[in-house]
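Trainee: Next comes the structure file data08.cif, holding mmCIF, C-alpha atoms.
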data_target
#
loop_
_atom_site.label_atom_id
_atom_site.label_comp_id
_atom_site.auth_asym_id
_atom_site.auth_seq_id
_atom_site.Cartn_x
_atom_site.Cartn_y
_atom_site.Cartn_z
CA MET A 1 94.13 -6.16 -83.61
CA SER A 2 90.47 -6.77 -82.70
CA ALA A 3 87.94 -3.95 -82.96
CA SER A 4 86.84 -2.13 -79.81
CA PRO A 5 83.58 -3.25 -78.20
CA ALA A 6 80.56 -1.20 -79.22
CA LEU A 7 79.99 -0.27 -75.56
CA GLU A 8 82.27 -0.73 -72.58
CA ALA A 9 82.78 0.44 -69.04
CA HIS A 10 85.86 0.36 -66.85
CA ALA A 11 85.81 0.49 -63.04
CA LEU A 12 82.37 2.13 -63.14
CA CYS A 13 81.07 3.33 -59.76
CA LYS A 14 77.82 4.92 -58.69
CA ARG A 15 76.73 5.71 -55.14
CA TYR A 16 73.83 7.47 -53.52
CA ASN A 17 75.06 9.26 -50.43
CA ASP A 18 77.14 6.56 -48.69
CA VAL A 19 75.46 3.58 -50.40
CA VAL A 20 77.42 2.04 -53.29
CA ILE A 21 75.02 0.82 -55.99
CA VAL A 22 77.50 0.08 -58.81
CA ASP A 23 80.88 -1.00 -57.52
CA HIS A 24 83.89 -0.97 -59.91
CA VAL A 25 82.07 -2.67 -62.78
CA ASP A 26 83.92 -3.71 -65.93
CA PHE A 27 81.60 -4.44 -68.84
CA ALA A 28 81.75 -4.85 -72.63
CA ALA A 29 79.18 -5.48 -75.37
CA GLU A 30 80.15 -6.29 -78.94
CA ALA A 31 78.38 -5.52 -82.19
CA GLY A 32 76.40 -8.44 -83.58
CA ARG A 33 75.99 -10.08 -80.17
CA ILE A 34 73.26 -10.13 -77.52
CA THR A 35 74.63 -9.35 -74.07
CA VAL A 36 72.36 -9.86 -71.06
CA ILE A 37 72.76 -8.63 -67.48
CA ILE A 38 70.96 -10.73 -64.88
CA GLY A 39 70.86 -10.77 -61.10
CA PRO A 40 68.54 -10.52 -58.11
CA ASN A 41 66.42 -7.47 -57.38
CA GLY A 42 68.53 -4.66 -55.97
CA ALA A 43 71.71 -5.89 -57.65
CA GLY A 44 72.25 -2.54 -59.40
CA LYS A 45 71.33 -3.61 -62.93
CA THR A 46 69.11 -0.67 -63.85
CA THR A 47 71.48 1.80 -62.21
CA LEU A 48 74.27 0.35 -64.35
CA PHE A 49 72.06 0.85 -67.42
CA ASN A 50 71.40 4.43 -66.37
CA CYS A 51 75.12 5.09 -66.07
CA LEU A 52 75.91 3.47 -69.42
CA SER A 53 73.21 5.47 -71.21
CA GLY A 54 73.87 8.87 -69.64
CA VAL A 55 70.68 8.99 -67.58
CA GLU A 56 72.76 9.27 -64.42
CA THR A 57 76.25 10.65 -63.84
CA ILE A 58 78.92 8.28 -62.59
CA ASP A 59 81.17 8.81 -59.60
CA ALA A 60 84.23 7.01 -60.94
CA GLY A 61 85.36 5.04 -63.95
CA ASN A 62 84.59 5.68 -67.61
CA VAL A 63 82.27 4.69 -70.43
CA ARG A 64 83.36 4.22 -74.04
CA HIS A 65 81.15 3.96 -77.13
CA ARG A 66 82.70 2.70 -80.35
CA GLY A 67 86.12 3.33 -78.87
CA ASP A 68 85.49 6.95 -77.83
CA ASP A 69 85.30 8.16 -74.24
CA VAL A 70 81.71 9.36 -73.68
CA THR A 71 81.88 9.64 -69.90
CA GLY A 72 79.59 12.44 -68.77
CA TRP A 73 77.64 12.66 -72.04
CA SER A 74 73.89 13.23 -71.71
CA SER A 75 71.42 10.55 -72.72
CA ASP A 76 70.19 12.82 -75.53
CA ALA A 77 73.68 13.26 -76.95
CA LEU A 78 74.35 9.52 -76.71
CA SER A 79 71.06 8.76 -78.46
CA ARG A 80 71.98 10.99 -81.40
CA ARG A 81 75.39 9.29 -81.46
CA GLY A 82 73.75 5.86 -81.86
CA LEU A 83 73.11 4.54 -78.34
CA ALA A 84 69.38 4.07 -77.69
CA ARG A 85 67.56 2.50 -74.76
CA THR A 86 64.19 1.52 -73.33
CA PHE A 87 63.06 1.70 -69.71
CA GLN A 88 61.37 -0.65 -67.26
CA ARG A 89 58.35 1.63 -67.10
CA SER A 90 56.67 2.71 -70.28
CA SER A 91 57.76 6.13 -71.54
CA VAL A 92 55.39 6.33 -74.49
CA PHE A 93 53.08 9.32 -74.91
CA PRO A 94 49.66 7.73 -74.26
CA THR A 95 47.62 10.29 -76.19
CA LEU A 96 49.81 10.12 -79.30
CA THR A 97 49.32 7.43 -81.91
CA VAL A 98 51.84 4.64 -82.26
CA ALA A 99 53.21 6.25 -85.43
CA ASP A 100 53.53 9.65 -83.78
CA ASN A 101 55.32 8.11 -80.80
CA LEU A 102 57.87 6.64 -83.18
CA CYS A 103 58.12 9.87 -85.15
CA VAL A 104 59.09 11.85 -82.04
CA CYS A 105 62.11 9.58 -81.59
CA ALA A 106 62.98 9.53 -85.28
CA GLU A 107 63.08 13.33 -85.44
CA ASN A 108 65.16 13.58 -82.27
CA ARG A 109 68.14 12.47 -84.35
CA THR A 110 68.43 16.08 -85.51
CA ARG A 111 67.48 19.15 -83.55
CA ARG A 112 67.30 21.07 -86.81
CA GLY A 113 64.47 18.79 -87.96
CA ILE A 114 62.52 19.35 -84.76
CA MET A 115 62.91 23.14 -84.79
CA ARG A 116 61.89 23.49 -88.43
CA GLY A 117 58.82 21.39 -87.69
CA VAL A 118 57.92 23.60 -84.74
CA ILE A 119 57.93 26.76 -86.90
CA GLY A 120 56.07 25.05 -89.73
CA LEU A 121 58.81 24.63 -92.33
CA SER A 122 59.24 21.47 -94.35
CA ASP A 123 62.52 19.66 -93.96
CA PRO A 124 64.08 16.67 -95.75
CA ALA A 125 64.81 15.20 -92.31
CA SER A 126 61.07 15.03 -91.62
CA ARG A 127 60.49 13.03 -94.79
CA SER A 128 63.35 10.74 -93.80
CA SER A 129 61.81 10.35 -90.34
CA ARG A 130 58.47 9.30 -91.78
CA GLN A 131 60.22 6.72 -93.94
CA THR A 132 62.04 5.41 -90.88
CA VAL A 133 58.76 5.17 -88.95
CA ARG A 134 57.07 3.20 -91.75
CA ARG A 135 60.03 0.83 -91.95
CA VAL A 136 60.11 0.19 -88.19
CA LEU A 137 56.33 -0.25 -87.97
CA ALA A 138 56.52 -2.89 -90.69
CA GLU A 139 59.52 -4.63 -89.13
CA LEU A 140 57.78 -4.93 -85.76
CA GLY A 141 54.37 -5.88 -87.15
CA LEU A 142 52.81 -2.64 -85.89
CA THR A 143 51.58 -1.16 -89.19
CA ALA A 144 47.92 -1.98 -88.46
CA LEU A 145 48.23 -0.13 -85.13
CA ALA A 146 49.93 2.98 -86.55
CA ASP A 147 46.92 5.25 -85.93
CA VAL A 148 45.91 3.81 -82.55
CA PRO A 149 46.62 5.96 -79.46
CA ALA A 150 49.37 4.23 -77.50
CA GLY A 151 47.40 4.51 -74.26
CA ARG A 152 44.85 2.02 -75.59
CA LEU A 153 47.38 -0.77 -76.15
CA PRO A 154 48.00 -3.73 -73.82
CA THR A 155 51.27 -3.94 -71.91
CA GLY A 156 52.84 -6.51 -74.22
CA THR A 157 52.24 -4.43 -77.32
CA LEU A 158 53.52 -1.31 -75.56
CA ARG A 159 56.82 -3.12 -74.96
CA ILE A 160 57.19 -3.60 -78.70
CA VAL A 161 56.30 0.05 -79.32
CA GLU A 162 59.06 1.01 -76.85
CA VAL A 163 61.56 -1.02 -78.89
CA GLY A 164 60.25 0.63 -82.04
CA ARG A 165 60.84 4.08 -80.57
CA ALA A 166 64.44 3.13 -79.81
CA LEU A 167 64.98 1.69 -83.29
CA CYS A 168 63.75 4.94 -84.87
CA ALA A 169 66.95 6.56 -83.65
CA ASN A 170 68.84 4.24 -86.05
CA PRO A 171 71.10 3.01 -83.22
CA ASP A 172 74.17 0.84 -83.45
CA THR A 173 73.86 0.01 -79.74
CA LEU A 174 70.51 -0.87 -78.19
CA LEU A 175 69.92 -1.12 -74.42
CA LEU A 176 66.68 -2.83 -73.35
CA ASP A 177 65.64 -2.78 -69.69
CA GLU A 178 63.41 -5.82 -68.98
CA PRO A 179 61.86 -5.75 -72.47
CA ALA A 180 60.04 -9.10 -72.10
CA SER A 181 58.06 -7.98 -69.06
CA GLY A 182 54.36 -8.32 -69.84
CA LEU A 183 54.82 -10.42 -72.98
CA ASP A 184 52.87 -13.66 -73.36
CA ASP A 185 54.49 -16.81 -74.77
CA ALA A 186 53.73 -15.99 -78.40
CA GLU A 187 54.95 -12.40 -78.03
CA THR A 188 58.11 -13.60 -76.28
CA GLU A 189 58.89 -15.95 -79.15
CA LYS A 190 58.43 -13.14 -81.69
CA PHE A 191 60.61 -10.91 -79.55
CA HIS A 192 63.31 -13.60 -79.42
CA GLN A 193 63.30 -13.69 -83.23
CA LEU A 194 63.45 -9.89 -83.40
CA LEU A 195 66.51 -9.77 -81.14
CA HIS A 196 68.38 -12.16 -83.40
CA ARG A 197 67.42 -10.13 -86.47
CA LEU A 198 68.76 -6.98 -84.83
CA ALA A 199 72.02 -8.65 -83.82
CA GLY A 200 72.25 -10.01 -87.36
CA ARG A 201 72.30 -6.38 -88.57
CA ASP A 202 75.45 -5.90 -86.48
CA LEU A 203 73.74 -4.04 -83.63
CA ALA A 204 75.10 -4.48 -80.15
CA VAL A 205 72.03 -5.56 -78.15
CA VAL A 206 72.27 -5.25 -74.35
CA MET A 207 69.45 -6.35 -72.05
CA VAL A 208 68.56 -6.47 -68.41
CA GLU A 209 66.21 -9.44 -68.17
CA HIS A 210 64.59 -11.72 -65.58
CA ASP A 211 63.10 -14.26 -68.01
CA LEU A 212 65.84 -16.88 -67.79
CA GLU A 213 64.30 -19.01 -70.52
CA LEU A 214 64.60 -16.06 -72.90
CA VAL A 215 68.14 -15.46 -71.65
CA VAL A 216 69.16 -19.06 -72.36
CA ASP A 217 67.56 -19.00 -75.82
CA THR A 218 68.86 -15.56 -76.80
CA ALA A 219 72.04 -14.43 -75.05
CA ASP A 220 75.54 -14.78 -76.45
CA VAL A 221 77.09 -13.43 -73.25
CA VAL A 222 75.65 -13.20 -69.73
CA TYR A 223 76.86 -10.93 -66.93
CA VAL A 224 75.67 -11.84 -63.44
CA MET A 225 75.41 -8.85 -61.12
CA ALA A 226 75.00 -8.93 -57.33
CA GLU A 227 75.45 -6.27 -54.67
CA GLY A 228 76.63 -3.79 -57.28
CA ARG A 229 79.37 -5.99 -58.74
CA ILE A 230 79.78 -8.29 -61.72
CA VAL A 231 80.44 -11.67 -60.13
CA VAL A 232 80.83 -13.76 -63.30
CA SER A 233 80.36 -13.47 -67.06
CA GLY A 234 80.43 -15.82 -70.02
CA PRO A 235 78.19 -17.91 -72.29
CA PRO A 236 74.81 -18.71 -70.67
CA SER A 237 75.39 -22.45 -71.01
CA GLU A 238 78.40 -22.10 -68.70
CA VAL A 239 77.26 -19.33 -66.38
CA LEU A 240 73.73 -20.42 -65.52
CA ILE A 241 74.68 -23.95 -64.41
CA ARG A 242 77.03 -22.66 -61.71
CA ALA A 243 75.86 -23.38 -58.19
CA ASP A 244 76.87 -19.93 -56.93
CA VAL A 245 74.86 -18.24 -59.69
CA GLN A 246 71.79 -20.37 -59.00
CA THR A 247 72.07 -19.55 -55.32
CA ARG A 248 72.14 -15.84 -56.09
CA LEU A 249 69.19 -16.10 -58.48
CA PHE A 250 67.00 -18.63 -56.67
CA GLY A 251 68.32 -18.70 -53.10
CA ARG A 252 69.63 -22.22 -53.52
CA PRO A 253 71.06 -24.44 -56.31
CA THR A 254 68.40 -26.04 -58.53
#
Represent the structure contained in this file as structure tokens.
Mentor:
Amino acid sequence: MSASPALEAHALCKRYNDVVIVDHVDFAAEAGRITVIIGPNGAGKTTLFNCLSGVETIDAGNVRHRGDDVTGWSSDALSRRGLARTFQRSSVFPTLTVADNLCVCAENRTRRGIMRGVIGLSDPASRSSRQTVRRVLAELGLTALADVPAGRLPTGTLRIVEVGRALCANPDTLLLDEPASGLDDAETEKFHQLLHRLAGRDLAVVMVEHDLELVVDTADVVYVMAEGRIVVSGPPSEVLIRADVQTRLFGRPT
């Protein structure tokens, strides 16, 4: 029997008042694979992410993480369980250094570590957090920027810092909302390589992304979303050549 997907949703629904934003979505992401959700603006992609990651409550359906029903769990609880995410808009603390931004997320893995730090007591978890921060800084090529306030960094570098913050939670499932936004060509290529390294460590990597070149080069599975529904899914080489998909993405077949 095959293992359960790292993250899955069944008949997921989300509405605001009478407007249905996510409409009976079935979704699955497997460990060691890069799963990408694409679609036109207003398709419901970010709302789906919010429902999967506990940022918003769902109106119907369920979410499972590593085989367990986590429907209704908070984003904080899911993060400590191993599901981390980034957002479209930067959520870094601009006055904190890059290292301190990462440390905040590393220490959020245990409330005990945070509380002991607040009252001035040393804790083995804090030492472990610092080790995690050093490792992630090195992995992302951010070591030289460790002491730079995040607010001084360009948009492309901030995107990488956002990924670093998520990785400091030691996740097994990583959700990235438009992570390539603001990256130049060289940064995008490095990011492409990073994604494959993460998947190679058996992480389930899930992205919402508009850069179709990155999608083609990176994704193992693509879900196309429109008007709140998943209209097709499969390998990018099969999905992106479909005339109906191109019409949804570009307004007409290319």
Trainee: Enumerate, as a VMD selection string, the residues matched when the PyMOL selection byres ((chain A and resi 211-225) around 8) is run on the file above.
Mentor: chain A and resid 33 to 40 43 to 45 180 188 192 195 to 196 209 to 210 226 to 237 239 245
Trainee: Considering only C-alpha atoms, return as a ChimeraX atom specification whatever protein or nucleic-acid residues lie within 12 Å of Leu78 in chain A, sequence-local ones (same chain, fewer than 2 positions apart) excluded.
Mentor: /A:7,50-55,63-66,68-76,80-85,108-109,169,171-175
Trainee: Of the residues A:Leu203, A:Ile58, A:Val25, A:Ile160, which is the one nearest to Lys190 in chain A, using only C-alpha atoms?
Mentor: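 For Lys190 in chain A, the nearest of the candidates is A:Ile160.
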Trainee: Tell me, in Å to one decimal, how far CA of Glu139 in chain A is from CA of Arg197 in chain A.
Mentor: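 Interatomic distance here is 10.0 Å.
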Trainee: Give me the box for range 138-150 of chain A as AutoDock Vina command-line options, namely the centre and edge lengths in Å to one decimal of a box along x, y and z that holds every listed atom plus 8 Å on each side.
Mentor:
--center_x 52.7 --center_y 0.0 --center_z -84.1 --size_x 29.6 --size_y 27.8 --size_z 29.2
Trainee: I'd like to know which of A:Leu12, A:Leu194, A:Val206, A:Val92 is closest to Val104 in chain A, using only C-alpha atoms.
Mentor: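 Of the candidates, the smallest distance to Val104 in chain A is held by A:Val92.
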Trainee: Of the candidates A:Cys168, A:Cys103, A:Phe93, A:Leu145, which one gets nearest to Ser126 in chain A if we count all atoms listed in the file?
Mentor: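 Among the listed residues, A:Cys103 lies closest to Ser126 in chain A.
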Trainee: Nearest to Glu178 in chain A among A:Ser90, A:Ser128, A:Ile241, A:Thr247, with distances taken over all atoms listed in the file: which residue is it?
Mentor: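 Among the listed residues, A:Ser90 lies closest to Glu178 in chain A.
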Trainee: Using the chain letters and residue numbers of this document, give as a PyMOL selection string the residues selected by the PyMOL selection byres ((chain A and resi 61) around 7).
Mentor: chain A and resi 10-13+60+62
Trainee: I'd like to know which of A:Asn41, A:Gln88, A:Pro5, A:Val20 is closest to Phe250 in chain A, using all atoms listed in the file.
Mentor: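 Of the candidates, the smallest distance to Phe250 in chain A is held by A:Asn41.
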Trainee: Since I can't run it myself right now, could you work out what the PyMOL selection byres ((chain A and resi 100) around 10) selects here and report it as a list in words?
Mentor: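 When the PyMOL selection byres ((chain A and resi 100) around 10) is applied to the shown file, the picked residues are Phe93, Thr95, Leu96, Thr97, Val98, Ala99, Asn101, Leu102, Cys103, Val104, Cys105, Ala106, Arg130, Val133, Ala146, Asp147, Val148, Pro149, Ala150 and Arg165 of chain A.
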Trainee: Env of Gly32 in chain A: 9 Å cut, atoms = only C-alpha atoms, seq-sep filter 5 positions within chain, self excluded. Answer as a PDB file with C-alpha atoms, keeping the file's coordinate frame.
Mentor:
ATOM      1  CA  HIS A 196      68.380 -12.160 -83.400  1.00  0.00           C
ATOM      2  CA  LEU A 198      68.760  -6.980 -84.830  1.00  0.00           C
ATOM      3  CA  ALA A 199      72.020  -8.650 -83.820  1.00  0.00           C
ATOM      4  CA  GLY A 200      72.250 -10.010 -87.360  1.00  0.00           C
ATOM      5  CA  ARG A 201      72.300  -6.380 -88.570  1.00  0.00           C
ATOM      6  CA  ASP A 202      75.450  -5.900 -86.480  1.00  0.00           C
ATOM      7  CA  LEU A 203      73.740  -4.040 -83.630  1.00  0.00           C
ATOM      8  CA  ALA A 204      75.100  -4.480 -80.150  1.00  0.00           C
ATOM      9  CA  VAL A 205      72.030  -5.560 -78.150  1.00  0.00           C
TER      10      VAL A 205
END
Trainee: Using CA of Gln193 in chain A and CA of Arg134 in chain A as the two end points, give the distance in Å to one decimal.
Mentor: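 Spanning CA of Gln193 in chain A to CA of Arg134 in chain A is a straight-line distance of 19.9 Å.
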Trainee: What is the CA of Leu176 in chain A to CA of Ala138 in chain A distance in Å?
Mentor: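 CA of Ala138 in chain A lies 20.1 Å from CA of Leu176 in chain A.
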Trainee: Which residue out of A:Arg248, A:Arg15, A:Arg135, A:Arg89 has the minimum interatomic distance to Glu162 in chain A when all atoms listed in the file are used?
Mentor: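 Checking each of A:Arg248, A:Arg15, A:Arg135, A:Arg89 against Glu162 in chain A, counting all atoms listed in the file, the winner is A:Arg89.
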Trainee: Please fill the gaps in range 19-51 of chain A so it has N, CA and C atoms, and write that as a JSON list (two decimals), keeping the file's coordinate frame.
Mentor:
[["chain", "number", "residue", "atom", "x", "y", "z"],
["A", 19, "VAL", "N", 75.82, 4.94, -49.95],
["A", 19, "VAL", "CA", 75.46, 3.58, -50.40],
["A", 19, "VAL", "C", 76.00, 3.37, -51.81],
["A", 20, "VAL", "N", 76.85, 2.36, -51.98],
["A", 20, "VAL", "CA", 77.42, 2.04, -53.29],
["A", 20, "VAL", "C", 76.45, 1.13, -54.03],
["A", 21, "ILE", "N", 75.99, 1.58, -55.20],
["A", 21, "ILE", "CA", 75.02, 0.82, -55.99],
["A", 21, "ILE", "C", 75.72, 0.07, -57.13],
["A", 22, "VAL", "N", 76.68, 0.71, -57.77],
["A", 22, "VAL", "CA", 77.50, 0.08, -58.81],
["A", 22, "VAL", "C", 78.95, 0.20, -58.35],
["A", 23, "ASP", "N", 79.61, -0.95, -58.22],
["A", 23, "ASP", "CA", 80.88, -1.00, -57.52],
["A", 23, "ASP", "C", 82.00, -1.53, -58.43],
["A", 24, "HIS", "N", 82.73, -0.61, -59.08],
["A", 24, "HIS", "CA", 83.89, -0.97, -59.91],
["A", 24, "HIS", "C", 83.54, -2.04, -60.95],
["A", 25, "VAL", "N", 82.55, -1.73, -61.77],
["A", 25, "VAL", "CA", 82.07, -2.67, -62.78],
["A", 25, "VAL", "C", 82.87, -2.51, -64.07],
["A", 26, "ASP", "N", 83.36, -3.63, -64.59],
["A", 26, "ASP", "CA", 83.92, -3.71, -65.93],
["A", 26, "ASP", "C", 82.91, -4.45, -66.80],
["A", 27, "PHE", "N", 82.67, -3.91, -68.00],
["A", 27, "PHE", "CA", 81.60, -4.44, -68.84],
["A", 27, "PHE", "C", 81.94, -4.17, -70.30],
["A", 28, "ALA", "N", 81.55, -5.08, -71.19],
["A", 28, "ALA", "CA", 81.75, -4.85, -72.63],
["A", 28, "ALA", "C", 80.67, -5.57, -73.41],
["A", 29, "ALA", "N", 80.18, -4.90, -74.46],
["A", 29, "ALA", "CA", 79.18, -5.48, -75.37],
["A", 29, "ALA", "C", 79.66, -5.28, -76.79],
["A", 30, "GLU", "N", 79.62, -6.34, -77.58],
["A", 30, "GLU", "CA", 80.15, -6.29, -78.94],
["A", 30, "GLU", "C", 79.03, -6.21, -79.96],
["A", 31, "ALA", "N", 79.32, -5.58, -81.08],
["A", 31, "ALA", "CA", 78.38, -5.52, -82.19],
["A", 31, "ALA", "C", 78.07, -6.92, -82.70],
["A", 32, "GLY", "N", 76.80, -7.14, -83.06],
["A", 32, "GLY", "CA", 76.40, -8.44, -83.58],
["A", 32, "GLY", "C", 76.16, -9.49, -82.54],
["A", 33, "ARG", "N", 76.20, -9.12, -81.26],
["A", 33, "ARG", "CA", 75.99, -10.08, -80.17],
["A", 33, "ARG", "C", 74.94, -9.54, -79.20],
["A", 34, "ILE", "N", 74.28, -10.47, -78.52],
["A", 34, "ILE", "CA", 73.26, -10.13, -77.52],
["A", 34, "ILE", "C", 73.87, -10.38, -76.15],
["A", 35, "THR", "N", 74.02, -9.30, -75.39],
["A", 35, "THR", "CA", 74.63, -9.35, -74.07],
["A", 35, "THR", "C", 73.55, -9.08, -73.03],
["A", 36, "VAL", "N", 73.44, -9.97, -72.04],
["A", 36, "VAL", "CA", 72.36, -9.86, -71.06],
["A", 36, "VAL", "C", 72.93, -9.75, -69.65],
["A", 37, "ILE", "N", 72.39, -8.82, -68.89],
["A", 37, "ILE", "CA", 72.76, -8.63, -67.48],
["A", 37, "ILE", "C", 71.63, -9.19, -66.63],
["A", 38, "ILE", "N", 71.96, -10.14, -65.76],
["A", 38, "ILE", "CA", 70.96, -10.73, -64.88],
["A", 38, "ILE", "C", 71.42, -10.59, -63.43],
["A", 39, "GLY", "N", 70.51, -10.84, -62.52],
["A", 39, "GLY", "CA", 70.86, -10.77, -61.10],
["A", 39, "GLY", "C", 69.61, -10.53, -60.28],
["A", 40, "PRO", "N", 69.70, -10.71, -58.97],
["A", 40, "PRO", "CA", 68.54, -10.52, -58.11],
["A", 40, "PRO", "C", 68.11, -9.07, -58.06],
["A", 41, "ASN", "N", 66.89, -8.85, -57.57],
["A", 41, "ASN", "CA", 66.42, -7.47, -57.38],
["A", 41, "ASN", "C", 67.36, -6.72, -56.45],
["A", 42, "GLY", "N", 67.63, -5.46, -56.79],
["A", 42, "GLY", "CA", 68.53, -4.66, -55.97],
["A", 42, "GLY", "C", 70.00, -4.86, -56.27],
["A", 43, "ALA", "N", 70.31, -5.62, -57.32],
["A", 43, "ALA", "CA", 71.71, -5.89, -57.65],
["A", 43, "ALA", "C", 72.42, -4.68, -58.25],
["A", 44, "GLY", "N", 71.65, -3.71, -58.77],
["A", 44, "GLY", "CA", 72.25, -2.54, -59.40],
["A", 44, "GLY", "C", 72.16, -2.54, -60.91],
["A", 45, "LYS", "N", 71.38, -3.44, -61.48],
["A", 45, "LYS", "CA", 71.33, -3.61, -62.93],
["A", 45, "LYS", "C", 70.80, -2.35, -63.64],
["A", 46, "THR", "N", 69.68, -1.84, -63.19],
["A", 46, "THR", "CA", 69.11, -0.67, -63.85],
["A", 46, "THR", "C", 69.98, 0.56, -63.63],
["A", 47, "THR", "N", 70.57, 0.68, -62.44],
["A", 47, "THR", "CA", 71.48, 1.80, -62.21],
["A", 47, "THR", "C", 72.68, 1.72, -63.15],
["A", 48, "LEU", "N", 73.19, 0.52, -63.38],
["A", 48, "LEU", "CA", 74.27, 0.35, -64.35],
["A", 48, "LEU", "C", 73.81, 0.81, -65.73],
["A", 49, "PHE", "N", 72.61, 0.40, -66.14],
["A", 49, "PHE", "CA", 72.06, 0.85, -67.42],
["A", 49, "PHE", "C", 71.99, 2.37, -67.48],
["A", 50, "ASN", "N", 71.52, 2.97, -66.39],
["A", 50, "ASN", "CA", 71.40, 4.43, -66.37],
["A", 50, "ASN", "C", 72.75, 5.11, -66.53],
["A", 51, "CYS", "N", 73.78, 4.53, -65.95],
["A", 51, "CYS", "CA", 75.12, 5.09, -66.07],
["A", 51, "CYS", "C", 75.67, 4.90, -67.49]]
